[in-house]
>>> print(open('structure07.cif').read())   # mmCIF, C-alpha atoms
data_protein
loop_
_atom_site.label_atom_id
_atom_site.label_comp_id
_atom_site.auth_asym_id
_atom_site.auth_seq_id
_atom_site.Cartn_x
_atom_site.Cartn_y
_atom_site.Cartn_z
CA MET Z 1 -70.91 53.65 165.73
CA ARG Z 2 -67.45 52.24 165.50
CA ARG Z 3 -64.89 54.33 163.69
CA ALA Z 4 -61.50 53.36 162.34
CA SER Z 5 -58.92 54.11 164.99
CA THR Z 6 -57.55 57.57 164.21
CA ARG Z 7 -55.53 58.33 167.28
CA LEU Z 8 -54.52 61.93 167.68
CA ALA Z 9 -50.73 62.00 167.63
CA VAL Z 10 -50.54 64.82 170.13
CA ALA Z 11 -52.64 62.85 172.64
CA VAL Z 12 -50.36 59.85 172.40
CA LEU Z 13 -47.33 62.10 172.81
CA VAL Z 14 -48.77 63.78 175.89
CA LEU Z 15 -49.80 60.44 177.39
CA GLY Z 16 -46.28 59.14 176.86
CA MET Z 17 -44.87 62.20 178.60
CA ALA Z 18 -47.22 61.63 181.53
CA LEU Z 19 -46.39 57.95 181.91
CA SER Z 20 -42.66 58.59 181.70
CA GLY Z 21 -42.88 61.14 184.51
CA GLN Z 22 -41.49 64.06 182.51
CA ALA Z 23 -41.51 67.09 184.81
CA THR Z 24 -43.77 70.05 184.14
CA ALA Z 25 -44.84 72.99 186.26
CA LYS Z 26 -48.18 71.54 187.39
CA GLU Z 27 -49.74 68.13 187.88
CA LEU Z 28 -53.20 67.15 186.70
CA ARG Z 29 -54.25 64.22 188.89
CA VAL Z 30 -57.11 62.27 187.31
CA CYS Z 31 -59.04 59.32 188.73
CA LEU Z 32 -59.91 56.80 186.01
CA LEU Z 33 -61.47 53.34 186.21
CA ASP Z 34 -58.92 50.71 185.21
CA ASP Z 35 -61.31 48.68 183.02
CA ASP Z 36 -63.97 50.96 181.54
CA LEU Z 37 -63.56 50.91 177.77
CA PRO Z 38 -64.18 52.83 175.60
CA ARG Z 39 -63.37 55.49 178.21
CA SER Z 40 -60.36 54.10 180.05
CA LYS Z 41 -58.22 50.96 180.20
CA ARG Z 42 -55.11 50.49 182.28
CA GLY Z 43 -52.42 49.11 180.01
CA GLY Z 44 -54.52 49.96 176.96
CA GLY Z 45 -51.49 50.72 174.81
CA ALA Z 46 -52.16 52.81 171.71
CA ALA Z 47 -55.89 52.97 172.49
CA PRO Z 48 -56.03 53.64 176.25
CA GLY Z 49 -59.53 55.12 176.15
CA PHE Z 50 -61.35 58.30 175.24
CA ASP Z 51 -61.07 59.90 178.69
CA VAL Z 52 -57.39 59.00 179.01
CA GLU Z 53 -56.54 60.66 175.71
CA LEU Z 54 -58.79 63.63 176.40
CA MET Z 55 -57.09 64.27 179.73
CA GLY Z 56 -53.76 64.10 177.93
CA LEU Z 57 -54.90 66.85 175.56
CA LEU Z 58 -56.13 68.94 178.48
CA ALA Z 59 -52.86 68.45 180.37
CA GLU Z 60 -50.93 69.65 177.33
CA ARG Z 61 -53.14 72.72 176.96
CA LEU Z 62 -52.75 73.52 180.66
CA GLU Z 63 -48.99 72.89 180.55
CA ALA Z 64 -49.37 70.24 183.22
CA ARG Z 65 -48.14 66.70 183.76
CA LEU Z 66 -50.89 64.10 183.57
CA ALA Z 67 -50.90 61.80 186.62
CA VAL Z 68 -53.44 58.98 186.35
CA VAL Z 69 -54.80 57.52 189.59
CA TRP Z 70 -56.22 54.14 188.62
CA VAL Z 71 -59.36 53.06 190.46
CA PRO Z 72 -60.40 49.37 190.38
CA SER Z 73 -63.50 48.61 188.34
CA ALA Z 74 -66.10 46.12 189.51
CA PRO Z 75 -68.65 44.52 187.16
CA PRO Z 76 -71.72 46.74 187.68
CA PHE Z 77 -75.33 45.70 187.48
CA SER Z 78 -76.36 49.32 186.82
CA GLU Z 79 -74.78 51.26 183.98
CA ILE Z 80 -75.91 54.71 185.18
CA ASP Z 81 -76.16 54.74 188.98
CA ASP Z 82 -72.82 52.97 189.09
CA PRO Z 83 -71.25 52.94 192.59
CA GLU Z 84 -67.87 52.35 190.98
CA LEU Z 85 -67.64 55.87 189.57
CA PRO Z 86 -64.38 57.19 191.07
CA VAL Z 87 -66.10 59.85 193.18
CA GLY Z 88 -64.95 58.40 196.50
CA PRO Z 89 -61.24 58.90 195.72
CA LEU Z 90 -62.09 62.36 194.38
CA ALA Z 91 -63.84 63.31 197.63
CA ARG Z 92 -60.87 62.01 199.64
CA GLY Z 93 -58.43 64.14 197.65
CA GLU Z 94 -56.65 61.24 195.98
CA CYS Z 95 -57.12 63.03 192.67
CA ASP Z 96 -58.33 66.40 191.40
CA VAL Z 97 -60.52 65.34 188.49
CA ALA Z 98 -62.93 62.49 187.73
CA THR Z 99 -64.23 61.88 184.21
CA SER Z 100 -67.56 60.84 182.64
CA ILE Z 101 -69.78 61.99 185.50
CA PRO Z 102 -73.46 61.97 184.41
CA GLY Z 103 -74.69 64.88 186.51
CA VAL Z 104 -74.55 66.32 190.02
CA GLU Z 105 -76.51 63.43 191.56
CA ALA Z 106 -73.77 61.03 190.47
CA LEU Z 107 -71.16 62.87 192.57
CA GLY Z 108 -72.37 61.17 195.74
CA PRO Z 109 -69.78 61.73 198.50
CA ALA Z 110 -67.99 64.31 196.36
CA GLU Z 111 -71.03 66.54 195.83
CA SER Z 112 -69.90 69.12 198.39
CA GLU Z 113 -66.26 68.82 197.33
CA ALA Z 114 -66.43 69.13 193.54
CA ARG Z 115 -67.96 71.07 190.66
CA LEU Z 116 -68.90 69.84 187.21
CA THR Z 117 -67.52 71.32 184.01
CA ARG Z 118 -69.64 71.79 180.91
CA ALA Z 119 -70.81 68.60 179.22
CA TYR Z 120 -68.36 67.18 176.71
CA TYR Z 121 -70.36 64.24 175.28
CA GLY Z 122 -73.73 62.59 175.59
CA ALA Z 123 -74.52 58.98 176.41
CA GLY Z 124 -77.81 57.13 176.42
CA PHE Z 125 -79.48 53.80 175.83
CA GLU Z 126 -79.17 52.97 172.15
CA LEU Z 127 -81.58 50.72 170.26
CA VAL Z 128 -80.42 47.70 168.28
CA SER Z 129 -83.10 45.87 166.30
CA LYS Z 130 -83.36 42.44 164.74
CA SER Z 131 -84.74 43.99 161.56
CA PRO Z 132 -82.21 46.07 159.61
CA THR Z 133 -85.06 48.27 158.39
CA SER Z 134 -86.42 49.16 161.82
CA GLU Z 135 -87.53 52.77 162.05
CA ILE Z 136 -88.30 52.88 165.77
CA THR Z 137 -88.01 56.42 167.11
CA THR Z 138 -89.97 56.40 170.39
CA LEU Z 139 -90.38 54.23 173.48
CA ASP Z 140 -94.09 53.93 172.75
CA GLN Z 141 -93.29 51.96 169.59
CA LEU Z 142 -91.65 49.25 171.71
CA ALA Z 143 -94.89 48.44 173.55
CA GLU Z 144 -95.85 45.51 171.30
CA ALA Z 145 -92.41 43.86 171.13
CA THR Z 146 -90.07 41.96 173.45
CA VAL Z 147 -87.04 44.07 174.32
CA ALA Z 148 -83.72 42.76 175.66
CA VAL Z 149 -81.98 44.95 178.22
CA ARG Z 150 -79.23 44.83 180.79
CA LEU Z 151 -80.32 43.56 184.19
CA GLN Z 152 -81.03 46.23 186.83
CA SER Z 153 -80.15 49.10 184.52
CA LEU Z 154 -82.19 52.25 184.06
CA GLY Z 155 -83.43 50.85 180.75
CA HIS Z 156 -84.64 47.74 182.56
CA MET Z 157 -86.49 49.87 185.13
CA VAL Z 158 -88.22 51.93 182.44
CA LEU Z 159 -89.41 48.85 180.57
CA GLN Z 160 -90.68 47.28 183.80
CA ARG Z 161 -92.59 50.36 184.90
CA ARG Z 162 -94.17 50.77 181.48
CA GLY Z 163 -95.36 47.17 181.58
CA TYR Z 164 -93.50 46.20 178.39
CA ALA Z 165 -92.32 42.69 177.59
CA TRP Z 166 -88.62 42.40 178.43
CA LEU Z 167 -85.79 39.91 178.85
CA ALA Z 168 -82.80 40.93 180.98
CA ARG Z 169 -79.23 39.67 181.16
CA PRO Z 170 -76.23 40.91 183.17
CA THR Z 171 -73.93 41.94 180.29
CA PRO Z 172 -74.36 43.75 176.95
CA THR Z 173 -72.99 40.73 175.09
CA GLU Z 174 -75.65 38.48 176.62
CA VAL Z 175 -78.33 41.07 175.87
CA LEU Z 176 -77.33 41.10 172.20
CA ASP Z 177 -77.25 37.29 172.17
CA LEU Z 178 -80.97 37.36 173.01
CA LEU Z 179 -81.51 39.54 169.96
CA ASP Z 180 -79.44 37.32 167.68
CA ARG Z 181 -81.30 34.19 168.79
CA GLY Z 182 -84.63 35.82 168.02
CA ASP Z 183 -85.80 35.85 171.63
CA ALA Z 184 -86.22 39.63 171.43
CA ALA Z 185 -87.05 41.99 168.57
CA HIS Z 186 -85.03 44.89 169.97
CA ALA Z 187 -82.30 45.54 172.51
CA LEU Z 188 -81.64 48.63 174.61
CA VAL Z 189 -77.90 48.91 175.23
CA TRP Z 190 -76.00 51.64 177.05
CA GLY Z 191 -74.13 53.57 174.33
CA PRO Z 192 -70.58 53.41 175.75
CA ALA Z 193 -70.99 49.65 176.22
CA LEU Z 194 -72.26 49.30 172.66
CA ALA Z 195 -69.10 51.04 171.47
CA THR Z 196 -67.04 48.06 172.66
CA VAL Z 197 -68.83 45.45 170.55
CA ASP Z 198 -69.17 45.04 166.82
CA ARG Z 199 -72.75 46.29 166.52
CA GLU Z 200 -74.37 49.41 165.10
CA PRO Z 201 -77.37 51.13 166.72
CA ASP Z 202 -80.54 51.87 164.78
CA PRO Z 203 -79.83 55.11 162.87
CA SER Z 204 -83.36 56.45 163.32
CA TRP Z 205 -83.24 56.16 167.13
CA VAL Z 206 -82.26 59.04 169.41
CA PRO Z 207 -82.33 58.08 173.11
CA PRO Z 208 -85.38 59.69 174.73
CA THR Z 209 -84.85 62.16 177.57
CA ILE Z 210 -85.59 59.55 180.20
CA LEU Z 211 -82.74 57.37 178.89
CA ARG Z 212 -79.98 59.87 178.24
CA PHE Z 213 -77.33 61.78 180.18
CA ASN Z 214 -74.64 64.35 179.55
CA GLN Z 215 -71.15 63.52 180.74
CA HIS Z 216 -68.95 66.02 182.60
CA LEU Z 217 -65.62 66.31 184.33
CA ALA Z 218 -65.82 66.74 188.11
CA VAL Z 219 -63.13 69.03 189.56
CA ARG Z 220 -62.31 69.02 193.27
CA GLU Z 221 -62.39 72.43 194.94
CA GLY Z 222 -58.95 73.70 195.92
CA SER Z 223 -57.12 71.72 193.24
CA ALA Z 224 -53.85 73.02 191.84
CA ILE Z 225 -55.62 73.43 188.50
CA SER Z 226 -58.88 75.26 189.09
CA HIS Z 227 -62.33 74.36 187.84
CA GLY Z 228 -62.38 77.55 185.77
CA ASP Z 229 -59.06 76.82 184.06
CA LEU Z 230 -60.03 73.26 183.26
CA ASP Z 231 -63.48 74.25 182.00
CA ARG Z 232 -61.97 76.91 179.71
CA ALA Z 233 -59.41 74.45 178.33
CA LEU Z 234 -62.17 71.92 177.71
CA ALA Z 235 -64.25 74.57 175.91
CA GLN Z 236 -61.30 75.33 173.62
CA LEU Z 237 -60.93 71.66 172.69
CA ILE Z 238 -64.68 71.39 172.07
CA ASP Z 239 -64.70 74.49 169.88
CA ALA Z 240 -61.71 73.20 167.88
CA GLY Z 241 -63.53 69.93 167.19
CA ASP Z 242 -60.88 67.86 168.97
CA VAL Z 243 -63.26 66.38 171.55
CA ARG Z 244 -65.81 65.32 168.93
CA ARG Z 245 -63.19 63.71 166.68
CA LEU Z 246 -61.62 61.85 169.57
CA ALA Z 247 -64.99 60.68 170.89
CA GLN Z 248 -66.02 59.38 167.48
CA SER Z 249 -62.77 57.45 167.12
CA TYR Z 250 -63.84 55.50 170.22
CA GLY Z 251 -67.40 54.94 168.98
CA LEU Z 252 -68.96 57.63 171.19
CA ASP Z 253 -71.13 59.32 168.61
CA ARG Z 254 -73.45 61.46 170.72
CA PRO Z 255 -72.59 65.12 171.36
CA PRO Z 256 -74.13 66.65 174.51
CA PHE Z 257 -77.94 66.56 174.52
CA ASP Z 258 -80.12 69.64 174.86
CA SER Z 259 -82.11 67.97 177.64
CA VAL Z 260 -81.32 64.96 179.82
CA PHE Z 261 -82.66 62.64 182.51
CA GLU Z 262 -84.06 64.33 185.61
CA ARG Z 263 -84.86 62.16 188.60
CA GLU Z 264 -87.93 64.15 189.69
CA ALA Z 265 -89.47 63.95 186.23
CA PHE Z 266 -88.67 60.24 186.07
CA VAL Z 267 -90.41 59.52 189.40
CA ALA Z 268 -93.40 61.71 188.49
CA GLN Z 269 -93.95 59.77 185.27
CA PHE Z 270 -94.72 56.60 187.20
CA ARG Z 271 -96.81 57.90 190.11
#
>>> encode(input="structure07.cif", output="structure tokens")
Amino acid sequence: MRRASTRLAVAVLVLGMALSGQATAKELRVCLLDDDLPRSKRGGGAAPGFDVELMGLLAERLEARLAVVWVPSAPPFSEIDDPELPVGPLARGECDVATSIPGVEALGPAESEARLTRAYYGAGFELVSKSPTSEITTLDQLAEATVAVRLQSLGHMVLQRRGYAWLARPTPTEVLDLLDRGDAAHALVWGPALATVDREPDPSWVPPTILRFNQHLAVREGSAISHGDLDRALAQLIDAGDVRRLAQSYGLDRPPFDSVFEREAFVAQFR
């Protein structure tokens, strides 16, 4: 999943312009978590995060100055329903855009204040196996094994409700330690978290619908840069291949999925 760092020169240039305060006609105010690699990292230097660089590219295309509003990160126990998504500051008007929002339900207090753009990458629970020749492709194939997973995550909930054997730990590193020690045969790890460690996912595995999400930008209504303008600029970068190349350089290998997690379907499965 990891790729050699191939930073886009234009993104670095635009980011430098934004941080130096160079004046432009418009300002693109973006809320980003200050410690959320591979997506954002305050003080990240030449590799500040996928979303930081992407917003720099969008600011350049929109002829705007990028203004980052850093939001403190807290260690989450849930990788999906994460209360630390910067939707509160978005709802309060502290910024105009929030990144990596996994659907309308994740908007929370900003749901009536913001609209989502098209999806720009996919993220799901990736499988890492003890055996290098594992060819696991479905959740059903995990029924006879012990699976390591992050505590209180969606992956943990799915394994519990299916009655599978599981071991849970609070961090991805600890989850993978269980695998390395032989306590578990497989590990389910949230893809963006897996991108920050030196580990490859099983190549045959595609996260099932119940364990995958598409990621969007959320744009506050009434912003200086409209939802339509931002969505069109994002589409242009997607069509040019810039988003995909940048995502892969940060180890985010999944393009948007055709179908994703739906809460009603998830609940119905376990009635």
>>> atom_distance(input="structure07.cif", atom1="CA of Pro86 in chain Z", atom2="CA of Leu28 in chain Z")
15.6 Å
>>> resolve_selection(input="structure07.cif", expression="the PyMOL selection byres ((chain Z and resi 91-96) around 10)", output="MDAnalysis selection string")
chainID Z and resid 27:32 67:70 86:90 97:98 107:114 218:227
>>> write_last_selection(input="structure07.cif", atoms="C-alpha atoms", output="mmCIF file, in the frame of the given file")
data_model
loop_
_atom_site.group_PDB
_atom_site.id
_atom_site.type_symbol
_atom_site.label_atom_id
_atom_site.label_comp_id
_atom_site.auth_asym_id
_atom_site.auth_seq_id
_atom_site.Cartn_x
_atom_site.Cartn_y
_atom_site.Cartn_z
ATOM 1 C CA GLU Z 27 -49.740 68.130 187.880
ATOM 2 C CA LEU Z 28 -53.200 67.150 186.700
ATOM 3 C CA ARG Z 29 -54.250 64.220 188.890
ATOM 4 C CA VAL Z 30 -57.110 62.270 187.310
ATOM 5 C CA CYS Z 31 -59.040 59.320 188.730
ATOM 6 C CA LEU Z 32 -59.910 56.800 186.010
ATOM 7 C CA ALA Z 67 -50.900 61.800 186.620
ATOM 8 C CA VAL Z 68 -53.440 58.980 186.350
ATOM 9 C CA VAL Z 69 -54.800 57.520 189.590
ATOM 10 C CA TRP Z 70 -56.220 54.140 188.620
ATOM 11 C CA PRO Z 86 -64.380 57.190 191.070
ATOM 12 C CA VAL Z 87 -66.100 59.850 193.180
ATOM 13 C CA GLY Z 88 -64.950 58.400 196.500
ATOM 14 C CA PRO Z 89 -61.240 58.900 195.720
ATOM 15 C CA LEU Z 90 -62.090 62.360 194.380
ATOM 16 C CA VAL Z 97 -60.520 65.340 188.490
ATOM 17 C CA ALA Z 98 -62.930 62.490 187.730
ATOM 18 C CA LEU Z 107 -71.160 62.870 192.570
ATOM 19 C CA GLY Z 108 -72.370 61.170 195.740
ATOM 20 C CA PRO Z 109 -69.780 61.730 198.500
ATOM 21 C CA ALA Z 110 -67.990 64.310 196.360
ATOM 22 C CA GLU Z 111 -71.030 66.540 195.830
ATOM 23 C CA SER Z 112 -69.900 69.120 198.390
ATOM 24 C CA GLU Z 113 -66.260 68.820 197.330
ATOM 25 C CA ALA Z 114 -66.430 69.130 193.540
ATOM 26 C CA ALA Z 218 -65.820 66.740 188.110
ATOM 27 C CA VAL Z 219 -63.130 69.030 189.560
ATOM 28 C CA ARG Z 220 -62.310 69.020 193.270
ATOM 29 C CA GLU Z 221 -62.390 72.430 194.940
ATOM 30 C CA GLY Z 222 -58.950 73.700 195.920
ATOM 31 C CA SER Z 223 -57.120 71.720 193.240
ATOM 32 C CA ALA Z 224 -53.850 73.020 191.840
ATOM 33 C CA ILE Z 225 -55.620 73.430 188.500
ATOM 34 C CA SER Z 226 -58.880 75.260 189.090
ATOM 35 C CA HIS Z 227 -62.330 74.360 187.840
#
>>> residues_around(input="structure07.cif", residues="Trp166 in chain Z", least_positions_apart="5", cutoff="8 Å", atoms="only C-alpha atoms", output="PyMOL selection string")
chain Z and resi 146-149+156+159-160+184
>>> write_last_selection(input="structure07.cif", atoms="C-alpha atoms", output="mmCIF file, keeping the file's coordinate frame")
data_model
loop_
_atom_site.group_PDB
_atom_site.id
_atom_site.type_symbol
_atom_site.label_atom_id
_atom_site.label_comp_id
_atom_site.auth_asym_id
_atom_site.auth_seq_id
_atom_site.Cartn_x
_atom_site.Cartn_y
_atom_site.Cartn_z
ATOM 1 C CA THR Z 146 -90.070 41.960 173.450
ATOM 2 C CA VAL Z 147 -87.040 44.070 174.320
ATOM 3 C CA ALA Z 148 -83.720 42.760 175.660
ATOM 4 C CA VAL Z 149 -81.980 44.950 178.220
ATOM 5 C CA HIS Z 156 -84.640 47.740 182.560
ATOM 6 C CA LEU Z 159 -89.410 48.850 180.570
ATOM 7 C CA GLN Z 160 -90.680 47.280 183.800
ATOM 8 C CA ALA Z 184 -86.220 39.630 171.430
#
>>> residues_around(input="structure07.cif", residues="range 186-193 of chain Z", least_positions_apart="6", cutoff="8 Å", atoms="only C-alpha atoms", output="list in words")
Leu37, Pro38, Arg39, Glu79, Ala123, Gly124, Phe125, Glu126, Leu127, Val128, Ser129, Lys130, Ala145, Thr146, Val147, Ala148, Val149, Arg150, Gly155, Pro172, Val175, Leu176, Leu179, Gly251 and Leu252 of chain Z
>>> write_last_selection(input="structure07.cif", atoms="C-alpha atoms", output="CSV table (one decimal), keeping the file's coordinate frame")
chain,number,residue,atom,x,y,z
Z,37,LEU,CA,-63.6,50.9,177.8
Z,38,PRO,CA,-64.2,52.8,175.6
Z,39,ARG,CA,-63.4,55.5,178.2
Z,79,GLU,CA,-74.8,51.3,184.0
Z,123,ALA,CA,-74.5,59.0,176.4
Z,124,GLY,CA,-77.8,57.1,176.4
Z,125,PHE,CA,-79.5,53.8,175.8
Z,126,GLU,CA,-79.2,53.0,172.2
Z,127,LEU,CA,-81.6,50.7,170.3
Z,128,VAL,CA,-80.4,47.7,168.3
Z,129,SER,CA,-83.1,45.9,166.3
Z,130,LYS,CA,-83.4,42.4,164.7
Z,145,ALA,CA,-92.4,43.9,171.1
Z,146,THR,CA,-90.1,42.0,173.4
Z,147,VAL,CA,-87.0,44.1,174.3
Z,148,ALA,CA,-83.7,42.8,175.7
Z,149,VAL,CA,-82.0,45.0,178.2
Z,150,ARG,CA,-79.2,44.8,180.8
Z,155,GLY,CA,-83.4,50.8,180.8
Z,172,PRO,CA,-74.4,43.8,177.0
Z,175,VAL,CA,-78.3,41.1,175.9
Z,176,LEU,CA,-77.3,41.1,172.2
Z,179,LEU,CA,-81.5,39.5,170.0
Z,251,GLY,CA,-67.4,54.9,169.0
Z,252,LEU,CA,-69.0,57.6,171.2
>>> atom_distance(input="structure07.cif", atom1="CA of Ala240 in chain Z", atom2="CA of Thr117 in chain Z")
17.2 Å
>>> closest_residue(input="structure07.cif", among="Z:Thr196, Z:Asn214, Z:Ser259, Z:Ser100", to="Leu54 in chain Z", atoms="all atoms listed in the file")
Z:Ser100
>>> residues_near_point(input="structure07.cif", point="(-54.5, 52.9, 176.6)", cutoff="12 Å", atoms="only C-alpha atoms", output="number ranges by chain")
Z: 7, 11-12, 15-16, 19, 32-54, 56, 68, 250
>>> atom_distance(input="structure07.cif", atom1="CA of Ser204 in chain Z", atom2="CA of Glu135 in chain Z")
5.7 Å
>>> closest_residue(input="structure07.cif", among="Z:Gly122, Z:Pro170, Z:Pro255, Z:Gly228", to="Arg212 in chain Z", atoms="all atoms listed in the file")
Z:Gly122
>>> closest_residue(input="structure07.cif", among="Z:Leu237, Z:Thr138, Z:Leu167, Z:Arg244", to="Val206 in chain Z", atoms="all atoms listed in the file")
Z:Thr138
>>> closest_residue(input="structure07.cif", among="Z:Lys26, Z:Arg118, Z:Arg263, Z:Arg61", to="Leu217 in chain Z", atoms="only C-alpha atoms")
Z:Arg118
>>> closest_residue(input="structure07.cif", among="Z:Ile238, Z:Leu85, Z:Leu230, Z:Leu154", to="Arg115 in chain Z", atoms="all atoms listed in the file")
Z:Leu230
>>> closest_residue(input="structure07.cif", among="Z:Leu66, Z:Met157, Z:Leu58, Z:Val260", to="Pro207 in chain Z", atoms="all atoms listed in the file")
Z:Val260
>>> resolve_selection(input="structure07.cif", expression="the PyMOL selection byres ((chain Z and resi 64) around 6)", output="PyMOL selection string")
chain Z and resi 24+26-27+59+62-63+65
>>> axis_aligned_box(input="structure07.cif", around="range 66-70 of chain Z", padding_each_side="6 Å", output="lines of an AutoDock Vina configuration file")
center_x = -53.6
center_y = 59.1
center_z = 186.6
size_x = 17.3
size_y = 22.0
size_z = 18.0
>>> decode(input="structure07.cif", residues="range 42-115 of chain Z", atoms="C-alpha atoms", output="PDB file, in the first residue's frame")
ATOM      1  CA  ARG Z  42       0.194  19.992  11.559  1.00  0.00           C
ATOM      2  CA  GLY Z  43       3.876  20.717  11.049  1.00  0.00           C
ATOM      3  CA  GLY Z  44       4.150  17.780   8.653  1.00  0.00           C
ATOM      4  CA  GLY Z  45       6.779  19.482   6.514  1.00  0.00           C
ATOM      5  CA  ALA Z  46       7.206  18.075   3.012  1.00  0.00           C
ATOM      6  CA  ALA Z  47       4.541  15.421   3.638  1.00  0.00           C
ATOM      7  CA  PRO Z  48       1.743  17.302   5.436  1.00  0.00           C
ATOM      8  CA  GLY Z  49      -0.953  14.805   4.461  1.00  0.00           C
ATOM      9  CA  PHE Z  50      -3.130  13.835   1.535  1.00  0.00           C
ATOM     10  CA  ASP Z  51      -5.996  16.185   2.387  1.00  0.00           C
ATOM     11  CA  VAL Z  52      -3.652  19.110   3.026  1.00  0.00           C
ATOM     12  CA  GLU Z  53      -2.014  18.738  -0.367  1.00  0.00           C
ATOM     13  CA  LEU Z  54      -5.311  18.099  -2.112  1.00  0.00           C
ATOM     14  CA  MET Z  55      -6.797  21.282  -0.683  1.00  0.00           C
ATOM     15  CA  GLY Z  56      -3.712  23.122  -1.892  1.00  0.00           C
ATOM     16  CA  LEU Z  57      -4.357  21.872  -5.426  1.00  0.00           C
ATOM     17  CA  LEU Z  58      -8.003  22.885  -5.182  1.00  0.00           C
ATOM     18  CA  ALA Z  59      -7.097  26.336  -3.865  1.00  0.00           C
ATOM     19  CA  GLU Z  60      -4.762  26.846  -6.815  1.00  0.00           C
ATOM     20  CA  ARG Z  61      -7.435  25.759  -9.299  1.00  0.00           C
ATOM     21  CA  LEU Z  62      -9.967  28.090  -7.665  1.00  0.00           C
ATOM     22  CA  GLU Z  63      -7.447  30.956  -7.510  1.00  0.00           C
ATOM     23  CA  ALA Z  64      -7.899  31.126  -3.762  1.00  0.00           C
ATOM     24  CA  ARG Z  65      -5.628  31.328  -0.737  1.00  0.00           C
ATOM     25  CA  LEU Z  66      -5.630  28.188   1.378  1.00  0.00           C
ATOM     26  CA  ALA Z  67      -6.302  28.944   5.061  1.00  0.00           C
ATOM     27  CA  VAL Z  68      -6.022  25.869   7.288  1.00  0.00           C
ATOM     28  CA  VAL Z  69      -8.019  25.852  10.528  1.00  0.00           C
ATOM     29  CA  TRP Z  70      -6.371  23.197  12.682  1.00  0.00           C
ATOM     30  CA  VAL Z  71      -8.700  21.167  14.890  1.00  0.00           C
ATOM     31  CA  PRO Z  72      -7.222  19.160  17.805  1.00  0.00           C
ATOM     32  CA  SER Z  73      -7.273  15.396  17.363  1.00  0.00           C
ATOM     33  CA  ALA Z  74      -8.107  13.060  20.221  1.00  0.00           C
ATOM     34  CA  PRO Z  75      -7.197   9.353  20.212  1.00  0.00           C
ATOM     35  CA  PRO Z  76     -10.450   7.736  19.011  1.00  0.00           C
ATOM     36  CA  PHE Z  77     -11.780   4.351  19.952  1.00  0.00           C
ATOM     37  CA  SER Z  78     -13.910   4.267  16.778  1.00  0.00           C
ATOM     38  CA  GLU Z  79     -12.295   4.803  13.397  1.00  0.00           C
ATOM     39  CA  ILE Z  80     -15.554   5.478  11.513  1.00  0.00           C
ATOM     40  CA  ASP Z  81     -18.091   7.100  13.850  1.00  0.00           C
ATOM     41  CA  ASP Z  82     -15.331   9.373  15.073  1.00  0.00           C
ATOM     42  CA  PRO Z  83     -16.621  12.332  17.141  1.00  0.00           C
ATOM     43  CA  GLU Z  84     -13.407  14.174  16.372  1.00  0.00           C
ATOM     44  CA  LEU Z  85     -14.302  14.751  12.724  1.00  0.00           C
ATOM     45  CA  PRO Z  86     -14.135  18.554  12.375  1.00  0.00           C
ATOM     46  CA  VAL Z  87     -17.858  18.942  11.719  1.00  0.00           C
ATOM     47  CA  GLY Z  88     -18.515  21.042  14.815  1.00  0.00           C
ATOM     48  CA  PRO Z  89     -16.216  23.879  13.680  1.00  0.00           C
ATOM     49  CA  LEU Z  90     -17.728  23.577  10.197  1.00  0.00           C
ATOM     50  CA  ALA Z  91     -21.259  23.979  11.586  1.00  0.00           C
ATOM     51  CA  ARG Z  92     -20.148  27.000  13.628  1.00  0.00           C
ATOM     52  CA  GLY Z  93     -18.698  28.700  10.561  1.00  0.00           C
ATOM     53  CA  GLU Z  94     -15.077  28.503  11.682  1.00  0.00           C
ATOM     54  CA  CYS Z  95     -14.235  27.069   8.266  1.00  0.00           C
ATOM     55  CA  ASP Z  96     -15.951  26.478   4.928  1.00  0.00           C
ATOM     56  CA  VAL Z  97     -14.778  22.955   4.125  1.00  0.00           C
ATOM     57  CA  ALA Z  98     -14.101  19.750   6.060  1.00  0.00           C
ATOM     58  CA  THR Z  99     -12.299  16.813   4.466  1.00  0.00           C
ATOM     59  CA  SER Z 100     -12.616  12.999   4.545  1.00  0.00           C
ATOM     60  CA  ILE Z 101     -16.275  12.885   5.565  1.00  0.00           C
ATOM     61  CA  PRO Z 102     -17.638   9.314   5.168  1.00  0.00           C
ATOM     62  CA  GLY Z 103     -21.217  10.176   4.268  1.00  0.00           C
ATOM     63  CA  VAL Z 104     -24.125  12.398   5.291  1.00  0.00           C
ATOM     64  CA  GLU Z 105     -24.616  10.652   8.644  1.00  0.00           C
ATOM     65  CA  ALA Z 106     -21.095  11.670   9.661  1.00  0.00           C
ATOM     66  CA  LEU Z 107     -21.951  15.378   9.327  1.00  0.00           C
ATOM     67  CA  GLY Z 108     -23.689  15.380  12.704  1.00  0.00           C
ATOM     68  CA  PRO Z 109     -24.274  19.008  13.786  1.00  0.00           C
ATOM     69  CA  ALA Z 110     -23.328  20.245  10.315  1.00  0.00           C
ATOM     70  CA  GLU Z 111     -25.910  18.146   8.447  1.00  0.00           C
ATOM     71  CA  SER Z 112     -28.282  21.077   7.925  1.00  0.00           C
ATOM     72  CA  GLU Z 113     -25.414  23.490   7.244  1.00  0.00           C
ATOM     73  CA  ALA Z 114     -23.307  21.638   4.683  1.00  0.00           C
ATOM     74  CA  ARG Z 115     -23.411  19.573   1.493  1.00  0.00           C
TER      75      ARG Z 115
END
